[in-house]
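What follows is entry28.cif (mmCIF, N, CA and C atoms).
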```
data_start
#
loop_
_atom_site.label_atom_id
_atom_site.label_comp_id
_atom_site.auth_asym_id
_atom_site.auth_seq_id
_atom_site.Cartn_x
_atom_site.Cartn_y
_atom_site.Cartn_z
N MET A 1 93.41 100.27 82.08
CA MET A 1 94.86 100.41 82.23
C MET A 1 95.27 99.93 83.61
N ASP A 2 96.29 99.12 83.66
CA ASP A 2 96.79 98.56 84.91
C ASP A 2 97.52 99.64 85.71
N ILE A 3 97.03 99.91 86.89
CA ILE A 3 97.63 100.94 87.75
C ILE A 3 99.08 100.60 88.08
N ASN A 4 99.37 99.33 88.26
CA ASN A 4 100.74 98.93 88.61
C ASN A 4 101.73 99.28 87.50
N LYS A 5 101.31 99.18 86.25
CA LYS A 5 102.18 99.57 85.14
C LYS A 5 102.47 101.07 85.19
N ILE A 6 101.43 101.84 85.49
CA ILE A 6 101.61 103.29 85.59
C ILE A 6 102.53 103.63 86.76
N LYS A 7 102.32 102.98 87.90
CA LYS A 7 103.16 103.22 89.06
C LYS A 7 104.62 102.89 88.76
N GLU A 8 104.84 101.78 88.07
CA GLU A 8 106.19 101.37 87.71
C GLU A 8 106.85 102.42 86.80
N LEU A 9 106.09 102.90 85.82
CA LEU A 9 106.61 103.94 84.93
C LEU A 9 106.97 105.20 85.72
N ILE A 10 106.11 105.61 86.62
CA ILE A 10 106.35 106.81 87.43
C ILE A 10 107.61 106.62 88.29
N GLN A 11 107.72 105.46 88.93
CA GLN A 11 108.89 105.19 89.77
C GLN A 11 110.18 105.20 88.97
N GLN A 12 110.15 104.55 87.81
CA GLN A 12 111.34 104.52 86.96
C GLN A 12 111.71 105.93 86.49
N THR A 13 110.70 106.70 86.13
CA THR A 13 110.93 108.05 85.64
C THR A 13 111.50 108.93 86.75
N GLU A 14 110.92 108.85 87.95
CA GLU A 14 111.41 109.67 89.05
C GLU A 14 112.82 109.26 89.47
N LYS A 15 113.09 107.97 89.42
CA LYS A 15 114.40 107.48 89.85
C LYS A 15 115.49 107.83 88.83
N SER A 16 115.21 107.59 87.56
CA SER A 16 116.23 107.78 86.53
C SER A 16 116.25 109.19 85.93
N LYS A 17 115.15 109.91 86.10
CA LYS A 17 114.97 111.24 85.48
C LYS A 17 114.97 111.14 83.95
N ILE A 18 114.73 109.94 83.45
CA ILE A 18 114.62 109.73 82.00
C ILE A 18 113.14 109.58 81.66
N TYR A 19 112.67 110.43 80.78
CA TYR A 19 111.26 110.44 80.40
C TYR A 19 111.10 109.68 79.08
N LYS A 20 110.51 108.51 79.15
CA LYS A 20 110.26 107.70 77.96
C LYS A 20 109.00 108.24 77.29
N SER A 21 109.21 109.13 76.35
CA SER A 21 108.10 109.92 75.79
C SER A 21 107.00 109.07 75.18
N GLN A 22 107.34 108.04 74.44
CA GLN A 22 106.32 107.23 73.77
C GLN A 22 105.44 106.49 74.78
N ILE A 23 106.08 105.88 75.78
CA ILE A 23 105.33 105.14 76.79
C ILE A 23 104.46 106.08 77.61
N ILE A 24 105.02 107.21 78.02
CA ILE A 24 104.26 108.19 78.80
C ILE A 24 103.04 108.65 78.00
N THR A 25 103.25 108.99 76.75
CA THR A 25 102.16 109.46 75.90
C THR A 25 101.12 108.37 75.69
N ASP A 26 101.56 107.14 75.46
CA ASP A 26 100.62 106.03 75.27
C ASP A 26 99.76 105.81 76.51
N TYR A 27 100.40 105.76 77.69
CA TYR A 27 99.66 105.58 78.94
C TYR A 27 98.70 106.75 79.16
N TYR A 28 99.20 107.95 78.94
CA TYR A 28 98.38 109.15 79.13
C TYR A 28 97.15 109.09 78.24
N ASN A 29 97.35 108.77 76.96
CA ASN A 29 96.22 108.71 76.03
C ASN A 29 95.22 107.63 76.43
N GLU A 30 95.72 106.50 76.88
CA GLU A 30 94.81 105.42 77.27
C GLU A 30 94.01 105.79 78.52
N VAL A 31 94.68 106.37 79.50
CA VAL A 31 94.01 106.71 80.76
C VAL A 31 92.99 107.83 80.57
N PHE A 32 93.37 108.86 79.82
CA PHE A 32 92.51 110.03 79.72
C PHE A 32 91.68 110.08 78.43
N GLY A 33 91.79 109.04 77.60
CA GLY A 33 90.98 108.97 76.39
C GLY A 33 91.30 110.06 75.39
N THR A 34 92.56 110.44 75.32
CA THR A 34 92.98 111.48 74.38
C THR A 34 93.78 110.84 73.25
N SER A 35 94.15 111.66 72.29
CA SER A 35 94.98 111.15 71.19
C SER A 35 96.13 112.12 70.92
N GLU A 36 96.81 112.46 72.02
CA GLU A 36 97.94 113.41 71.89
C GLU A 36 99.11 112.73 71.18
N LYS A 37 99.84 113.52 70.46
CA LYS A 37 101.01 113.05 69.72
C LYS A 37 102.21 112.95 70.66
N ASN A 38 103.12 112.06 70.32
CA ASN A 38 104.35 111.91 71.08
C ASN A 38 105.15 113.21 70.98
N THR A 39 105.79 113.59 72.09
CA THR A 39 106.59 114.81 72.12
C THR A 39 107.85 114.59 72.94
N ASN A 40 108.87 115.33 72.64
CA ASN A 40 110.10 115.31 73.44
C ASN A 40 110.20 116.54 74.34
N CYS A 41 109.13 117.29 74.43
CA CYS A 41 109.08 118.48 75.29
C CYS A 41 109.12 118.04 76.75
N GLY A 42 110.21 118.39 77.43
CA GLY A 42 110.38 117.97 78.82
C GLY A 42 109.27 118.40 79.75
N SER A 43 108.87 119.68 79.66
CA SER A 43 107.82 120.15 80.57
C SER A 43 106.48 119.49 80.24
N CYS A 44 106.22 119.22 78.97
CA CYS A 44 104.98 118.54 78.57
C CYS A 44 104.94 117.13 79.16
N LEU A 45 106.08 116.44 79.10
CA LEU A 45 106.15 115.09 79.64
C LEU A 45 106.03 115.08 81.16
N ARG A 46 106.64 116.07 81.81
CA ARG A 46 106.53 116.17 83.27
C ARG A 46 105.08 116.38 83.67
N VAL A 47 104.35 117.19 82.93
CA VAL A 47 102.93 117.43 83.22
C VAL A 47 102.15 116.13 83.06
N LYS A 48 102.43 115.39 82.00
CA LYS A 48 101.73 114.11 81.78
C LYS A 48 102.02 113.14 82.92
N VAL A 49 103.28 113.06 83.34
CA VAL A 49 103.64 112.16 84.44
C VAL A 49 102.93 112.60 85.71
N LEU A 50 102.88 113.89 85.97
CA LEU A 50 102.19 114.41 87.15
C LEU A 50 100.70 114.06 87.11
N LYS A 51 100.08 114.21 85.94
CA LYS A 51 98.66 113.86 85.80
C LYS A 51 98.45 112.36 85.99
N LEU A 52 99.36 111.55 85.48
CA LEU A 52 99.26 110.11 85.69
C LEU A 52 99.42 109.77 87.17
N LYS A 53 100.33 110.47 87.83
CA LYS A 53 100.55 110.26 89.26
C LYS A 53 99.28 110.59 90.05
N ASN A 54 98.64 111.69 89.71
CA ASN A 54 97.39 112.07 90.37
C ASN A 54 96.28 111.06 90.08
N TYR A 55 96.26 110.54 88.86
CA TYR A 55 95.28 109.52 88.49
C TYR A 55 95.45 108.28 89.37
N VAL A 56 96.70 107.86 89.56
CA VAL A 56 96.98 106.69 90.39
C VAL A 56 96.48 106.93 91.81
N LYS A 57 96.77 108.11 92.36
CA LYS A 57 96.31 108.43 93.71
C LYS A 57 94.79 108.38 93.81
N GLU A 58 94.12 108.92 92.82
CA GLU A 58 92.65 108.89 92.80
C GLU A 58 92.14 107.46 92.77
N GLN A 59 92.76 106.62 91.96
CA GLN A 59 92.33 105.22 91.85
C GLN A 59 92.58 104.47 93.16
N GLU A 60 93.70 104.76 93.81
CA GLU A 60 93.99 104.10 95.08
C GLU A 60 92.99 104.51 96.16
N VAL A 61 92.60 105.77 96.15
CA VAL A 61 91.58 106.22 97.10
C VAL A 61 90.26 105.52 96.83
N LYS A 62 89.89 105.40 95.56
CA LYS A 62 88.66 104.69 95.21
C LYS A 62 88.69 103.25 95.70
N ILE A 63 89.83 102.60 95.52
CA ILE A 63 89.97 101.21 95.95
C ILE A 63 89.83 101.11 97.47
N GLU A 64 90.44 102.06 98.20
CA GLU A 64 90.35 102.05 99.66
C GLU A 64 88.92 102.27 100.12
N ILE A 65 88.18 103.13 99.42
CA ILE A 65 86.80 103.40 99.79
C ILE A 65 85.92 102.18 99.50
N GLU A 66 86.17 101.56 98.35
CA GLU A 66 85.37 100.40 97.95
C GLU A 66 85.71 99.17 98.78
N ASN A 67 86.95 99.07 99.23
CA ASN A 67 87.41 97.90 100.00
C ASN A 67 88.05 98.36 101.30
N PRO A 68 87.24 98.83 102.24
CA PRO A 68 87.84 99.33 103.48
C PRO A 68 88.53 98.21 104.25
N VAL A 69 89.59 98.58 104.94
CA VAL A 69 90.35 97.63 105.74
C VAL A 69 89.54 97.31 106.99
N THR A 70 89.46 96.04 107.30
CA THR A 70 88.71 95.63 108.49
C THR A 70 89.63 95.68 109.71
N LEU A 71 89.01 95.72 110.87
CA LEU A 71 89.76 95.72 112.12
C LEU A 71 90.59 94.44 112.24
N GLU A 72 90.03 93.34 111.77
CA GLU A 72 90.75 92.06 111.82
C GLU A 72 92.02 92.11 110.96
N GLN A 73 91.94 92.75 109.78
CA GLN A 73 93.11 92.86 108.92
C GLN A 73 94.20 93.71 109.58
N VAL A 74 93.80 94.79 110.22
CA VAL A 74 94.75 95.66 110.92
C VAL A 74 95.42 94.90 112.06
N ARG A 75 94.61 94.16 112.83
CA ARG A 75 95.18 93.36 113.92
C ARG A 75 96.19 92.35 113.39
N GLU A 76 95.87 91.70 112.28
CA GLU A 76 96.77 90.71 111.70
C GLU A 76 98.09 91.35 111.26
N GLU A 77 98.00 92.53 110.63
CA GLU A 77 99.21 93.24 110.21
C GLU A 77 100.07 93.61 111.40
N ILE A 78 99.43 94.12 112.45
CA ILE A 78 100.17 94.52 113.66
C ILE A 78 100.83 93.31 114.28
N THR A 79 100.11 92.20 114.33
CA THR A 79 100.68 90.96 114.88
C THR A 79 101.89 90.52 114.07
N ASN A 80 101.78 90.56 112.74
CA ASN A 80 102.90 90.17 111.87
C ASN A 80 104.10 91.08 112.07
N ILE A 81 103.84 92.38 112.19
CA ILE A 81 104.93 93.34 112.40
C ILE A 81 105.60 93.09 113.75
N ASN A 82 104.79 92.90 114.79
CA ASN A 82 105.35 92.63 116.13
C ASN A 82 106.15 91.33 116.15
N ASP A 83 105.63 90.29 115.48
CA ASP A 83 106.36 89.02 115.38
C ASP A 83 107.69 89.21 114.67
N ALA A 84 107.68 89.99 113.60
CA ALA A 84 108.91 90.24 112.84
C ALA A 84 109.93 90.99 113.70
N LEU A 85 109.47 91.92 114.50
CA LEU A 85 110.37 92.63 115.41
C LEU A 85 110.92 91.68 116.48
N ARG A 86 110.03 90.88 117.06
CA ARG A 86 110.43 89.94 118.11
C ARG A 86 111.42 88.89 117.60
N ASN A 87 111.22 88.43 116.37
CA ASN A 87 112.09 87.41 115.77
C ASN A 87 113.29 88.02 115.04
N GLU A 88 113.46 89.32 115.18
CA GLU A 88 114.59 90.06 114.60
C GLU A 88 114.66 89.94 113.08
N ILE A 89 113.50 89.84 112.46
CA ILE A 89 113.44 89.87 111.00
C ILE A 89 113.62 91.31 110.53
N ILE A 90 113.07 92.23 111.30
CA ILE A 90 113.30 93.66 111.08
C ILE A 90 113.75 94.26 112.40
N GLU A 91 114.46 95.39 112.32
CA GLU A 91 114.95 96.08 113.51
C GLU A 91 114.06 97.29 113.79
N PRO A 92 113.84 97.62 115.06
CA PRO A 92 112.93 98.72 115.41
C PRO A 92 113.29 100.07 114.80
N ASP A 93 114.58 100.37 114.71
CA ASP A 93 115.00 101.68 114.21
C ASP A 93 115.51 101.64 112.77
N SER A 94 115.21 100.55 112.06
CA SER A 94 115.70 100.43 110.69
C SER A 94 114.83 101.21 109.73
N GLU A 95 115.33 101.34 108.52
CA GLU A 95 114.56 102.02 107.46
C GLU A 95 113.25 101.27 107.18
N ASP A 96 113.25 99.95 107.41
CA ASP A 96 112.05 99.15 107.15
C ASP A 96 110.84 99.68 107.90
N THR A 97 111.04 100.08 109.15
CA THR A 97 109.90 100.50 109.97
C THR A 97 109.34 101.86 109.55
N LYS A 98 110.01 102.53 108.65
CA LYS A 98 109.53 103.82 108.16
C LYS A 98 108.67 103.66 106.90
N LEU A 99 108.51 102.42 106.44
CA LEU A 99 107.71 102.16 105.24
C LEU A 99 106.23 102.19 105.58
N SER A 100 105.41 102.30 104.54
CA SER A 100 103.97 102.18 104.75
C SER A 100 103.67 100.77 105.21
N ASN A 101 102.53 100.56 105.86
CA ASN A 101 102.19 99.23 106.35
C ASN A 101 102.20 98.19 105.25
N ASP A 102 101.61 98.51 104.10
CA ASP A 102 101.57 97.55 103.00
C ASP A 102 102.97 97.16 102.58
N ARG A 103 103.82 98.12 102.42
CA ARG A 103 105.19 97.85 101.99
C ARG A 103 105.96 97.11 103.08
N LEU A 104 105.72 97.47 104.33
CA LEU A 104 106.40 96.81 105.44
C LEU A 104 106.02 95.34 105.48
N VAL A 105 104.76 95.03 105.27
CA VAL A 105 104.31 93.64 105.24
C VAL A 105 105.03 92.88 104.13
N ASP A 106 105.18 93.51 102.96
CA ASP A 106 105.91 92.89 101.85
C ASP A 106 107.37 92.61 102.23
N VAL A 107 108.01 93.58 102.87
CA VAL A 107 109.41 93.44 103.27
C VAL A 107 109.55 92.30 104.28
N ILE A 108 108.63 92.23 105.24
CA ILE A 108 108.68 91.17 106.25
C ILE A 108 108.55 89.81 105.58
N GLU A 109 107.61 89.70 104.63
CA GLU A 109 107.43 88.43 103.93
C GLU A 109 108.70 88.05 103.18
N GLN A 110 109.32 89.01 102.49
CA GLN A 110 110.54 88.73 101.74
C GLN A 110 111.67 88.28 102.67
N LYS A 111 111.83 88.99 103.77
CA LYS A 111 112.91 88.67 104.70
C LYS A 111 112.66 87.33 105.40
N THR A 112 111.40 87.01 105.67
CA THR A 112 111.05 85.74 106.29
C THR A 112 111.40 84.60 105.35
N VAL A 113 111.09 84.75 104.08
CA VAL A 113 111.41 83.72 103.09
C VAL A 113 112.92 83.54 103.00
N LYS A 114 113.67 84.63 102.98
CA LYS A 114 115.13 84.56 102.91
C LYS A 114 115.69 83.87 104.15
N LYS A 115 115.14 84.22 105.31
CA LYS A 115 115.62 83.65 106.57
C LYS A 115 115.34 82.14 106.59
N LYS A 116 114.16 81.72 106.11
CA LYS A 116 113.82 80.31 106.09
C LYS A 116 114.71 79.55 105.10
N SER A 117 114.99 80.17 103.96
CA SER A 117 115.84 79.49 102.96
C SER A 117 117.27 79.33 103.48
N LYS A 118 117.76 80.29 104.26
CA LYS A 118 119.08 80.18 104.86
C LYS A 118 119.12 79.01 105.84
N LYS A 119 118.06 78.87 106.67
CA LYS A 119 118.00 77.78 107.65
C LYS A 119 117.95 76.44 106.95
N ASN A 120 117.22 76.36 105.83
CA ASN A 120 117.11 75.12 105.10
C ASN A 120 118.45 74.71 104.49
N LYS A 121 119.27 75.67 104.08
CA LYS A 121 120.58 75.38 103.49
C LYS A 121 121.55 74.86 104.54
N GLU A 122 121.35 75.33 105.78
CA GLU A 122 122.27 74.93 106.86
C GLU A 122 121.93 73.56 107.27
#
```
Structure translated into structure tokens:
Amino acid sequence: MDINKIKELIQQTEKSKIYKSQIITDYYNEVFGTSEKNTNCGSCLRVKVLKLKNYVKEQEVKIEIENPVTLEQVREEITNINDALRNEIIEPDSEDTKLSNDRLVDVIEQKTVKKKSKKNKE
């Protein structure tokens, strides 16, 4: 099961507060090897989403342990963040700087692409 699909489902569910019972049950059954029936029980669905959320966290920890970040990767991220601050791609006190490093790197890349496309149009 693709962890990103589970993460997306969790994010959508938490944001909208709408529990898509069939999808939640399908993901739950696939991840945990069960054959539970679809239900509209709110608390049952919340428990399944919580278990899926814990599963994602466990998988992310496994990935981090199996693929530890090197000192060179950390230096590169810090350099990219400092460059983005220096070039005013992100602001020091903005919401961007409160993101996790991985997400911050994504935001910097997106904003850099937008900034370059604006320059090309001019």
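Using only C-alpha atoms, the nearest neighbour of Ile10 (chain A) within the list A:Val31, A:Val56, A:Ala84, A:Cys44 is A:Val56.
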Sel. within 8 Å of pt (110.4, 110.7, 79.1), counting only C-alpha atoms, output as a VMD selection string: chain A and resid 13 17 to 24 40 42 45 to 46
Long-range neighbours of Glu36 (chain A) as a PyMOL selection string, 8 Å cut-off, all atoms listed in the file, 4 positions minimum in chain: chain A and resi 25-26+28-30
What does the file look like for those residues with N, CA and C atoms, as a compact mmCIF listing (two decimals), in the frame of the given file?
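Full text of result37.txt as output:
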```txt
# COMPACT_ATOMS: atom_id res chain seq x y z
N THR A 25 103.25 108.99 76.75
CA THR A 25 102.16 109.46 75.90
C THR A 25 101.12 108.37 75.69
N ASP A 26 101.56 107.14 75.46
CA ASP A 26 100.62 106.03 75.27
C ASP A 26 99.76 105.81 76.51
N TYR A 28 99.20 107.95 78.94
CA TYR A 28 98.38 109.15 79.13
C TYR A 28 97.15 109.09 78.24
N ASN A 29 97.35 108.77 76.96
CA ASN A 29 96.22 108.71 76.03
C ASN A 29 95.22 107.63 76.43
N GLU A 30 95.72 106.50 76.88
CA GLU A 30 94.81 105.42 77.27
C GLU A 30 94.01 105.79 78.52
```
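Taking atom N of Glu14 (chain A) as the reference point, atom C of Val61 (chain A) is found at 22.7 Å.
Going from atom N of Glu64 (chain A) to atom C of Val49 (chain A) covers 20.6 Å.
Pairwise distance (CA of Leu52 (chain A), CA of Pro68 (chain A)) equals 23.7 Å.
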Which of region 29-96 of chain A DSSP labels helix (DSSP H, G or I), written as number ranges by chain: A: 29-32, 42-66, 71-86, 95-96
Ground truth for the PyMOL selection byres (((chain A and resi 3-8 and name CA) around 8) and name CA), written as a VMD selection string: chain A and resid 1 to 2 9 to 12 27 52 to 53 56 59
Return the padded bounding box of region 71-74 of chain A as lines of an AutoDock Vina configuration file: axis-aligned, built from all atoms listed in the file, 5 Å added on each side, with centre and edge lengths in Å to one decimal.
```
center_x = 92.2
center_y = 93.9
center_z = 110.6
size_x = 16.4
size_y = 13.7
size_z = 13.3
```
